[in-house]
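Peer 1: Let me give you the structure first, and then I'll get to my questions.
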Amino acid sequence: MSGVLVVPPIAHGLVGRTDLPIPAWLFGWGAAVVLVVSFVALAVLWPRPRLEGAHERRVLHVPAWLEIPFGLIGIGLFVLIVYAGLEGAQVDTANLTPTFVYVLFWVGLLPLQVLFGDVFALFNPWRAVGRAAGWVSSRIAGDALPEPMAYPERLGRWPAAIGILCFAWLELVSTSRSDPSTLAVLILAYAAIQLVGMSLYGVSQWERYGDAFAVYFNLFARLSPLRWERGTLYVRALLSGVTTLDAVPGTVAVLCTMIGTTTFDGFSNGPVWSDLAPKVTDVFTSIGFGQATALQLAFTVGLLVVVGIVSLLYRGGAAGMRSVAPEHSTTWLARTFVHTLTPIALAYAVAHYFSFLAYQGQALAYLAANPLGRTLAEGDNGWLGTANWGIDYTWVGARTIWYVQVGALVLGHVAGLVLAHDRALKVFPDPKEATRSQYWMLVVMVAFTSLGLWLLSVR
Amino acid sequence: MTAPPLAHAGHWIASLLYVAPVALIVCALLWQSWREKRRKGGA
């Protein structure tokens, strides 16, 4: 896309690899060997479920009101980002809003979620406003305040899946993705939708199923050994948090969308899409669309097709399990094992966005010093004194990035195998049957690993 | 200038190398499933 329209200021694939000791494809073979060996080791050494129903230990309790300052910080940041987007310079590289949204928020929060639990929930501005509004309303109306409506079971996490897909569309397809004022308006619109959802179904219900970002970040927080709930900190076994994910309708769609959109991000930077995109664009121009619209439509089709392929691949793995358990439907098996996709979604995010965060993240130092992107006087370095800072592209090398990417993909997929094996032991009491049920999931994991490495190697 | 039809063959072959492990495991699973079916049929 960048070759035809404006070069995106926040391109994701920033560096190429050089001087690898072995060909890149051999890393793919090595990763496959690691997965097969892990699969065999699990079959032999992991005879009963260990993560399912693992206990968590309470280690700390703080007064619940201490959550209030975090919510206020979240609201403050929300106001700043919207204000900067609307009132600041309409230059994406000078205005804080695009970098804050795509780098700090969308990517930078991920390591915090995995390390410390659901940090986003603490800072979530619409959640803070919703809770405050609920508290004030209950004080004023007392018992007269009606109970929230019951959340429709069939709706499940579909609103979140659609929200994530829309955000990915904005980031990967829309030509206005870096326009500060457009972003600010969309942030306001998103917040308004969340407040309506919370007022209808209650803050916790909507946050759990409807708020796309709350669902997205909470999934990663489930991989963390830490969990916060109402001022209490619990410690649990690594990965055990994700086994408690309630696979309501739309949960498979959320995870497949997360993996599929990241896959499309990598794919759209590669040579196959470079060859294909003009052809698809020509189809749309031939039926009367302008060049820019046709290009966006072509990218939209590409995004949806890749999400569809990822969904089919996962469904194929679930269908393969029916060779052992024909009494279960593919849909039931896909939902029962959907949590195994969470570490894969994380692996894909780390592999694709590590260099982006490592380099573009540095821009936050100078953008935060001058959030509106105003022209500063000579010698004025903004309120933080860092407005004259730049991006150091040498602090992490191309080879290091490649190893981080490969490591993330391998670890993420091994974690996926561990979770799938553990769940299979719960579903199929005979360990041999449990292992046999996972043969096709192994194929899915190796396929996702190979796909991830191929995407990284060709761009 | 027309690009020779095999100009990108190197890219395609390199890309196919990533599919090889998946294909290998799928073949192994299909072979095992065929062997199991044959054994059950013989029993």
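Letters A, B, ... mark the chains of the structure tokens in the order given; residue numbers begin at 1 per chain; ligand numbers begin at 1, in order shown.
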Set the distance at 12 Å and use only C-alpha atoms: which residues neighbour Ala14 of chain B once local chain neighbours fewer than 3 positions away are removed? I'd like the list as an NGL selection string.

Peer 2: (:A and (23-26 or 28 or 454 or 457-458)) or (:B and (8-11 or 17-20))

Peer 1: Write the residues of the selection above to a file with N, CA, C and O atoms, as a compact mmCIF listing (two decimals), in the first residue's frame.

Peer 2:
```txt
# COMPACT_ATOMS: atom_id res chain seq x y z
N PRO A 23 20.21 -20.51 6.74
CA PRO A 23 19.10 -19.90 5.99
C PRO A 23 17.86 -19.76 6.88
O PRO A 23 17.63 -20.58 7.78
N ALA A 24 17.07 -18.73 6.58
CA ALA A 24 15.89 -18.44 7.42
C ALA A 24 14.92 -19.62 7.46
O ALA A 24 14.35 -19.92 8.51
N TRP A 25 14.75 -20.33 6.31
CA TRP A 25 13.79 -21.44 6.29
C TRP A 25 14.20 -22.56 7.25
O TRP A 25 13.36 -23.29 7.75
N LEU A 26 15.51 -22.66 7.50
CA LEU A 26 15.97 -23.72 8.40
C LEU A 26 15.49 -23.44 9.84
O LEU A 26 15.31 -24.38 10.63
N GLY A 28 12.56 -22.42 10.42
CA GLY A 28 11.22 -23.00 10.37
C GLY A 28 11.26 -24.50 10.65
O GLY A 28 10.45 -25.02 11.42
N TRP A 454 7.61 -17.57 7.87
CA TRP A 454 7.64 -17.22 6.44
C TRP A 454 7.31 -15.73 6.25
O TRP A 454 7.98 -15.03 5.51
N SER A 457 10.21 -13.69 7.18
CA SER A 457 11.40 -13.87 6.35
C SER A 457 11.28 -13.20 4.98
O SER A 457 12.28 -12.83 4.39
N VAL A 458 10.04 -13.07 4.48
CA VAL A 458 9.90 -12.54 3.12
C VAL A 458 9.71 -11.04 3.05
O VAL A 458 9.78 -10.47 1.98
N HIS B 8 10.70 -15.49 -10.53
CA HIS B 8 10.43 -15.55 -9.09
C HIS B 8 10.48 -16.98 -8.55
O HIS B 8 10.08 -17.23 -7.44
N ALA B 9 10.97 -17.90 -9.38
CA ALA B 9 10.98 -19.32 -8.97
C ALA B 9 11.77 -19.51 -7.68
O ALA B 9 11.37 -20.29 -6.81
N GLY B 10 12.87 -18.78 -7.54
CA GLY B 10 13.69 -18.90 -6.33
C GLY B 10 12.89 -18.55 -5.09
O GLY B 10 12.94 -19.26 -4.08
N HIS B 11 12.12 -17.45 -5.19
CA HIS B 11 11.28 -17.02 -4.05
C HIS B 11 10.27 -18.10 -3.70
O HIS B 11 10.03 -18.40 -2.55
N LEU B 17 9.76 -24.25 1.10
CA LEU B 17 10.54 -24.91 2.16
C LEU B 17 9.87 -24.74 3.52
O LEU B 17 10.06 -25.56 4.41
N TYR B 18 9.10 -23.66 3.69
CA TYR B 18 8.40 -23.44 4.96
C TYR B 18 7.20 -24.38 5.11
O TYR B 18 6.74 -24.64 6.20
N VAL B 19 6.68 -24.84 3.98
CA VAL B 19 5.51 -25.74 4.01
C VAL B 19 5.96 -27.17 4.31
O VAL B 19 5.19 -27.98 4.82
N ALA B 20 7.24 -27.47 4.00
CA ALA B 20 7.73 -28.85 4.10
C ALA B 20 7.47 -29.51 5.46
O ALA B 20 6.96 -30.64 5.50
```

Peer 1: For segment 21-27 of chain B, work out the shell of residues within 7 Å, counting only C-alpha atoms and skipping chain neighbours fewer than 2 positions away, then give it as a ChimeraX atom specification.

Peer 2: /A:29,32,443,446-447 /B:18-19,29-31

Peer 1: Could you please tell me, as an mmCIF file with N, CA and C atoms, in the first residue's frame, which residues of chain A have an atom within 12 Å of chain B when using only C-alpha atoms?

Peer 2:
```
data_model
loop_
_atom_site.group_PDB
_atom_site.id
_atom_site.type_symbol
_atom_site.label_atom_id
_atom_site.label_comp_id
_atom_site.auth_asym_id
_atom_site.auth_seq_id
_atom_site.Cartn_x
_atom_site.Cartn_y
_atom_site.Cartn_z
ATOM 1 N N PRO A 23 20.208 -20.510 6.738
ATOM 2 C CA PRO A 23 19.098 -19.901 5.991
ATOM 3 C C PRO A 23 17.855 -19.756 6.877
ATOM 4 N N ALA A 24 17.069 -18.729 6.582
ATOM 5 C CA ALA A 24 15.889 -18.436 7.417
ATOM 6 C C ALA A 24 14.924 -19.622 7.460
ATOM 7 N N TRP A 25 14.751 -20.334 6.309
ATOM 8 C CA TRP A 25 13.791 -21.442 6.290
ATOM 9 C C TRP A 25 14.195 -22.563 7.246
ATOM 10 N N LEU A 26 15.514 -22.661 7.500
ATOM 11 C CA LEU A 26 15.972 -23.718 8.403
ATOM 12 C C LEU A 26 15.489 -23.445 9.838
ATOM 13 N N PHE A 27 15.261 -22.180 10.156
ATOM 14 C CA PHE A 27 14.676 -21.855 11.472
ATOM 15 C C PHE A 27 13.266 -22.448 11.557
ATOM 16 N N GLY A 28 12.561 -22.417 10.424
ATOM 17 C CA GLY A 28 11.223 -23.004 10.370
ATOM 18 C C GLY A 28 11.262 -24.500 10.654
ATOM 19 N N TRP A 29 12.231 -25.178 10.053
ATOM 20 C CA TRP A 29 12.377 -26.615 10.279
ATOM 21 C C TRP A 29 12.760 -26.884 11.732
ATOM 22 N N GLY A 30 13.665 -26.055 12.242
ATOM 23 C CA GLY A 30 14.092 -26.210 13.649
ATOM 24 C C GLY A 30 12.909 -26.023 14.587
ATOM 25 N N ALA A 31 12.091 -25.003 14.298
ATOM 26 C CA ALA A 31 10.917 -24.733 15.137
ATOM 27 C C ALA A 31 9.959 -25.915 15.100
ATOM 28 N N ALA A 32 9.781 -26.505 13.898
ATOM 29 C CA ALA A 32 8.890 -27.667 13.769
ATOM 30 C C ALA A 32 9.412 -28.835 14.600
ATOM 31 N N VAL A 33 10.724 -29.034 14.583
ATOM 32 C CA VAL A 33 11.325 -30.118 15.380
ATOM 33 C C VAL A 33 11.070 -29.870 16.869
ATOM 34 N N VAL A 34 11.259 -28.612 17.306
ATOM 35 C CA VAL A 34 11.013 -28.275 18.718
ATOM 36 C C VAL A 34 9.563 -28.602 19.092
ATOM 37 N N LEU A 35 8.631 -28.270 18.213
ATOM 38 C CA LEU A 35 7.215 -28.529 18.510
ATOM 39 C C LEU A 35 6.922 -30.024 18.579
ATOM 40 N N VAL A 36 7.489 -30.793 17.639
ATOM 41 C CA VAL A 36 7.239 -32.241 17.645
ATOM 42 C C VAL A 36 7.847 -32.861 18.908
ATOM 43 N N GLY A 270 4.702 -8.201 2.273
ATOM 44 C CA GLY A 270 5.526 -9.175 1.563
ATOM 45 C C GLY A 270 5.327 -9.134 0.060
ATOM 46 N N PRO A 271 6.155 -9.896 -0.660
ATOM 47 C CA PRO A 271 6.125 -9.847 -2.131
ATOM 48 C C PRO A 271 4.867 -10.467 -2.746
ATOM 49 N N VAL A 272 4.276 -11.454 -2.082
ATOM 50 C CA VAL A 272 3.090 -12.100 -2.667
ATOM 51 C C VAL A 272 1.953 -11.087 -2.773
ATOM 52 N N ASP A 275 2.457 -8.439 -5.413
ATOM 53 C CA ASP A 275 2.068 -8.879 -6.758
ATOM 54 C C ASP A 275 0.552 -8.914 -6.919
ATOM 55 N N GLY A 317 -8.023 -28.025 12.665
ATOM 56 C CA GLY A 317 -7.430 -28.722 13.812
ATOM 57 C C GLY A 317 -8.505 -29.276 14.728
ATOM 58 N N GLY A 320 -10.105 -32.236 13.142
ATOM 59 C CA GLY A 320 -9.225 -33.401 13.251
ATOM 60 C C GLY A 320 -9.426 -34.138 14.562
ATOM 61 N N SER A 323 -11.704 -37.265 14.960
ATOM 62 C CA SER A 323 -11.307 -38.642 14.639
ATOM 63 C C SER A 323 -11.238 -39.471 15.915
ATOM 64 N N VAL A 324 -11.017 -38.792 17.047
ATOM 65 C CA VAL A 324 -10.982 -39.483 18.346
ATOM 66 C C VAL A 324 -12.311 -39.326 19.072
ATOM 67 N N ARG A 436 -3.676 -38.665 21.111
ATOM 68 C CA ARG A 436 -4.105 -38.890 19.722
ATOM 69 C C ARG A 436 -5.012 -37.762 19.237
ATOM 70 N N SER A 437 -5.823 -37.235 20.157
ATOM 71 C CA SER A 437 -6.743 -36.157 19.760
ATOM 72 C C SER A 437 -5.993 -34.900 19.330
ATOM 73 N N GLN A 438 -4.742 -34.793 19.766
ATOM 74 C CA GLN A 438 -3.998 -33.567 19.508
ATOM 75 C C GLN A 438 -3.089 -33.630 18.287
ATOM 76 N N TYR A 439 -3.121 -34.755 17.559
ATOM 77 C CA TYR A 439 -2.270 -34.867 16.368
ATOM 78 C C TYR A 439 -2.528 -33.709 15.391
ATOM 79 N N TRP A 440 -3.812 -33.435 15.149
ATOM 80 C CA TRP A 440 -4.121 -32.396 14.155
ATOM 81 C C TRP A 440 -3.913 -30.996 14.702
ATOM 82 N N MET A 441 -3.986 -30.877 16.040
ATOM 83 C CA MET A 441 -3.654 -29.573 16.639
ATOM 84 C C MET A 441 -2.150 -29.316 16.500
ATOM 85 N N LEU A 442 -1.360 -30.402 16.543
ATOM 86 C CA LEU A 442 0.086 -30.254 16.322
ATOM 87 C C LEU A 442 0.338 -29.715 14.916
ATOM 88 N N VAL A 443 -0.410 -30.240 13.950
ATOM 89 C CA VAL A 443 -0.273 -29.751 12.571
ATOM 90 C C VAL A 443 -0.602 -28.254 12.509
ATOM 91 N N VAL A 444 -1.686 -27.871 13.215
ATOM 92 C CA VAL A 444 -2.091 -26.454 13.226
ATOM 93 C C VAL A 444 -0.979 -25.594 13.838
ATOM 94 N N MET A 445 -0.400 -26.068 14.941
ATOM 95 C CA MET A 445 0.653 -25.289 15.613
ATOM 96 C C MET A 445 1.889 -25.155 14.715
ATOM 97 N N VAL A 446 2.275 -26.258 14.069
ATOM 98 C CA VAL A 446 3.440 -26.202 13.174
ATOM 99 C C VAL A 446 3.120 -25.290 11.982
ATOM 100 N N ALA A 447 1.885 -25.369 11.498
ATOM 101 C CA ALA A 447 1.485 -24.514 10.366
ATOM 102 C C ALA A 447 1.541 -23.035 10.756
ATOM 103 N N PHE A 448 1.022 -22.704 11.942
ATOM 104 C CA PHE A 448 1.059 -21.299 12.396
ATOM 105 C C PHE A 448 2.505 -20.828 12.582
ATOM 106 N N THR A 449 3.365 -21.709 13.115
ATOM 107 C CA THR A 449 4.771 -21.330 13.319
ATOM 108 C C THR A 449 5.441 -21.088 11.971
ATOM 109 N N SER A 450 5.234 -22.019 11.038
ATOM 110 C CA SER A 450 5.867 -21.881 9.720
ATOM 111 C C SER A 450 5.351 -20.632 9.006
ATOM 112 N N LEU A 451 4.036 -20.401 9.122
ATOM 113 C CA LEU A 451 3.444 -19.220 8.494
ATOM 114 C C LEU A 451 4.054 -17.944 9.081
ATOM 115 N N GLY A 452 4.170 -17.912 10.408
ATOM 116 C CA GLY A 452 4.737 -16.734 11.078
ATOM 117 C C GLY A 452 6.167 -16.476 10.634
ATOM 118 N N LEU A 453 6.964 -17.532 10.565
ATOM 119 C CA LEU A 453 8.364 -17.370 10.169
ATOM 120 C C LEU A 453 8.480 -16.991 8.698
ATOM 121 N N TRP A 454 7.611 -17.566 7.875
ATOM 122 C CA TRP A 454 7.638 -17.221 6.444
ATOM 123 C C TRP A 454 7.305 -15.733 6.253
ATOM 124 N N LEU A 455 6.273 -15.282 6.983
ATOM 125 C CA LEU A 455 5.873 -13.870 6.861
ATOM 126 C C LEU A 455 7.018 -12.943 7.246
ATOM 127 N N LEU A 456 7.742 -13.320 8.294
ATOM 128 C CA LEU A 456 8.839 -12.472 8.757
ATOM 129 C C LEU A 456 10.032 -12.536 7.812
ATOM 130 N N SER A 457 10.210 -13.694 7.177
ATOM 131 C CA SER A 457 11.402 -13.871 6.347
ATOM 132 C C SER A 457 11.278 -13.201 4.981
ATOM 133 N N VAL A 458 10.041 -13.067 4.484
ATOM 134 C CA VAL A 458 9.898 -12.539 3.117
ATOM 135 C C VAL A 458 9.711 -11.035 3.051
ATOM 136 N N ARG A 459 9.464 -10.392 4.182
ATOM 137 C CA ARG A 459 9.180 -8.954 4.067
ATOM 138 C C ARG A 459 10.458 -8.122 4.092
#
```

Peer 1: Restricting the calculation to only C-alpha atoms: of A:Ser181, A:Gln296, A:Thr375, A:Thr251, which residue gets closest to Ala94 of chain A?

Peer 2: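 Of the candidates, the smallest distance to Ala94 of chain A is held by A:Thr375.
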
Peer 1: Which residues are close to Leu425 of chain A, i.e. within 7 Å by only C-alpha atoms, leaving aside same-chain residues fewer than 6 positions away? Reply as a list of chain:residue names.

Peer 2: A:Arg48, A:Pro49, A:Pro431, A:Ala434

Peer 1: How would the residues just chosen look if you wrote them out with N, CA, C and O atoms as a JSON list (two decimals), in the first residue's frame?

Peer 2:
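Written output follows (result-v2.json):
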```
[["chain", "number", "residue", "atom", "x", "y", "z"],
["A", 48, "ARG", "N", -1.49, -36.08, 33.50],
["A", 48, "ARG", "CA", -2.78, -35.60, 34.03],
["A", 48, "ARG", "C", -2.83, -34.06, 33.96],
["A", 48, "ARG", "O", -1.77, -33.41, 33.95],
["A", 49, "PRO", "N", -4.03, -33.49, 33.96],
["A", 49, "PRO", "CA", -4.12, -32.03, 33.84],
["A", 49, "PRO", "C", -3.47, -31.32, 35.03],
["A", 49, "PRO", "O", -3.68, -31.72, 36.17],
["A", 431, "PRO", "N", -5.18, -40.95, 28.72],
["A", 431, "PRO", "CA", -4.07, -40.12, 28.23],
["A", 431, "PRO", "C", -3.67, -40.43, 26.79],
["A", 431, "PRO", "O", -3.30, -39.54, 26.03],
["A", 434, "ALA", "N", -6.12, -38.80, 24.62],
["A", 434, "ALA", "CA", -5.88, -37.35, 24.69],
["A", 434, "ALA", "C", -4.75, -36.96, 23.74],
["A", 434, "ALA", "O", -4.85, -35.98, 22.99]]
```

Peer 1: Could you give me, as a list in words, the residues within 9 Å of Ile162 of chain A, counting only C-alpha atoms and dropping anything in the same chain fewer than 4 positions from it?

Peer 2: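 Listed by chain and then number, they are Arg157, Trp158, Cys166, Phe167, Ala212, Ala253, Val254 and Thr257 of chain A.
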
Peer 1: Find the spatial neighbours of Phe105 of chain A, counting only C-alpha atoms, within a cut-off of 12 Å - ignore same-chain residues fewer than 2 positions away - and output them as a ChimeraX atom specification.

Peer 2: /A:74,77-78,81,96-103,107-113,119-120,123-124,213-214,216-217,357,361,364

Peer 1: Any idea what's packed within 10 Å of Val62 of chain A, counting only C-alpha atoms, ignoring anything in its chain fewer than 3 positions away? Could you give it as a list of chain:residue names?

Peer 2: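 The contact residues come out as A:Trp65, A:Leu66, A:Glu67, A:Arg230, A:Gly231, A:Thr232, A:Leu233.
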
Peer 1: Quick one: write out the picked residues with N, CA, C and O atoms as a PDB file, in the first residue's frame?

Peer 2:
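For reference, again30.pdb as written:
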```pdb
ATOM      1  N   TRP A  65     -10.372   1.450  47.013  1.00  0.00           N
ATOM      2  CA  TRP A  65     -10.396   2.839  46.526  1.00  0.00           C
ATOM      3  C   TRP A  65      -9.078   3.243  45.866  1.00  0.00           C
ATOM      4  O   TRP A  65      -9.006   4.230  45.130  1.00  0.00           O
ATOM      5  N   LEU A  66      -8.026   2.442  46.096  1.00  0.00           N
ATOM      6  CA  LEU A  66      -6.741   2.760  45.462  1.00  0.00           C
ATOM      7  C   LEU A  66      -6.798   2.609  43.938  1.00  0.00           C
ATOM      8  O   LEU A  66      -5.909   3.051  43.221  1.00  0.00           O
ATOM      9  N   GLU A  67      -7.866   1.959  43.458  1.00  0.00           N
ATOM     10  CA  GLU A  67      -8.032   1.844  41.994  1.00  0.00           C
ATOM     11  C   GLU A  67      -8.448   3.192  41.382  1.00  0.00           C
ATOM     12  O   GLU A  67      -8.265   3.411  40.190  1.00  0.00           O
ATOM     13  N   ARG A 230     -10.503  -6.578  42.674  1.00  0.00           N
ATOM     14  CA  ARG A 230     -10.996  -5.726  43.760  1.00  0.00           C
ATOM     15  C   ARG A 230      -9.941  -5.499  44.837  1.00  0.00           C
ATOM     16  O   ARG A 230     -10.157  -5.778  46.005  1.00  0.00           O
ATOM     17  N   GLY A 231      -8.780  -5.047  44.403  1.00  0.00           N
ATOM     18  CA  GLY A 231      -7.720  -4.685  45.345  1.00  0.00           C
ATOM     19  C   GLY A 231      -6.925  -5.866  45.887  1.00  0.00           C
ATOM     20  O   GLY A 231      -6.050  -5.683  46.727  1.00  0.00           O
ATOM     21  N   THR A 232      -7.229  -7.077  45.419  1.00  0.00           N
ATOM     22  CA  THR A 232      -6.495  -8.241  45.908  1.00  0.00           C
ATOM     23  C   THR A 232      -5.638  -8.815  44.785  1.00  0.00           C
ATOM     24  O   THR A 232      -6.106  -8.967  43.654  1.00  0.00           O
ATOM     25  N   LEU A 233      -4.382  -9.108  45.128  1.00  0.00           N
ATOM     26  CA  LEU A 233      -3.455  -9.668  44.145  1.00  0.00           C
ATOM     27  C   LEU A 233      -3.313 -11.164  44.390  1.00  0.00           C
ATOM     28  O   LEU A 233      -3.027 -11.601  45.511  1.00  0.00           O
TER      29      LEU A 233
END
```

Peer 1: Which residues are close to Ala358 of chain A, i.e. within 12 Å by only C-alpha atoms, leaving aside same-chain residues fewer than 6 positions away? Reply as a PDB file with C-alpha atoms, in the first residue's frame.

Peer 2:
```pdb
ATOM      1  CA  HIS A  12       5.661  -2.131  11.047  1.00  0.00           C
ATOM      2  CA  GLY A  13       8.360  -4.073   9.284  1.00  0.00           C
ATOM      3  CA  LEU A  14      11.265  -1.801   9.931  1.00  0.00           C
ATOM      4  CA  VAL A  15      14.363  -3.867   9.373  1.00  0.00           C
ATOM      5  CA  VAL A 103       2.534   2.118  19.646  1.00  0.00           C
ATOM      6  CA  LEU A 104       1.983   2.658  23.371  1.00  0.00           C
ATOM      7  CA  VAL A 107       1.494  -2.755  21.318  1.00  0.00           C
ATOM      8  CA  GLY A 108       3.232  -1.296  24.371  1.00  0.00           C
ATOM      9  CA  VAL A 350       5.611  -9.986  19.650  1.00  0.00           C
ATOM     10  CA  ALA A 351       7.108 -11.342  16.421  1.00  0.00           C
ATOM     11  CA  HIS A 352       5.467  -8.700  14.256  1.00  0.00           C
ATOM     12  CA  LEU A 364       7.034   8.872  22.589  1.00  0.00           C
ATOM     13  CA  ILE A 391      15.065   7.570  17.466  1.00  0.00           C
ATOM     14  CA  ASP A 392      18.191   5.463  17.881  1.00  0.00           C
ATOM     15  CA  TYR A 393      17.987   2.693  15.270  1.00  0.00           C
ATOM     16  CA  THR A 394      21.220   1.100  16.439  1.00  0.00           C
ATOM     17  CA  TRP A 395      20.316   0.048  19.983  1.00  0.00           C
ATOM     18  CA  VAL A 396      18.901  -3.250  18.819  1.00  0.00           C
ATOM     19  CA  GLY A 397      20.250  -4.985  15.731  1.00  0.00           C
ATOM     20  CA  ALA A 398      18.478  -6.848  12.937  1.00  0.00           C
ATOM     21  CA  THR A 400      18.645  -9.667  17.666  1.00  0.00           C
ATOM     22  CA  ILE A 401      15.202  -8.804  16.346  1.00  0.00           C
ATOM     23  CA  VAL A 404      13.394 -12.452  19.431  1.00  0.00           C
TER      24      VAL A 404
END
```

Peer 1: What does the distance from atom CA of Phe284 of chain A to atom CA of Thr300 of chain A come to in Å, to one decimal?

Peer 2: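 Distance between the two atoms: 11.7 Å.
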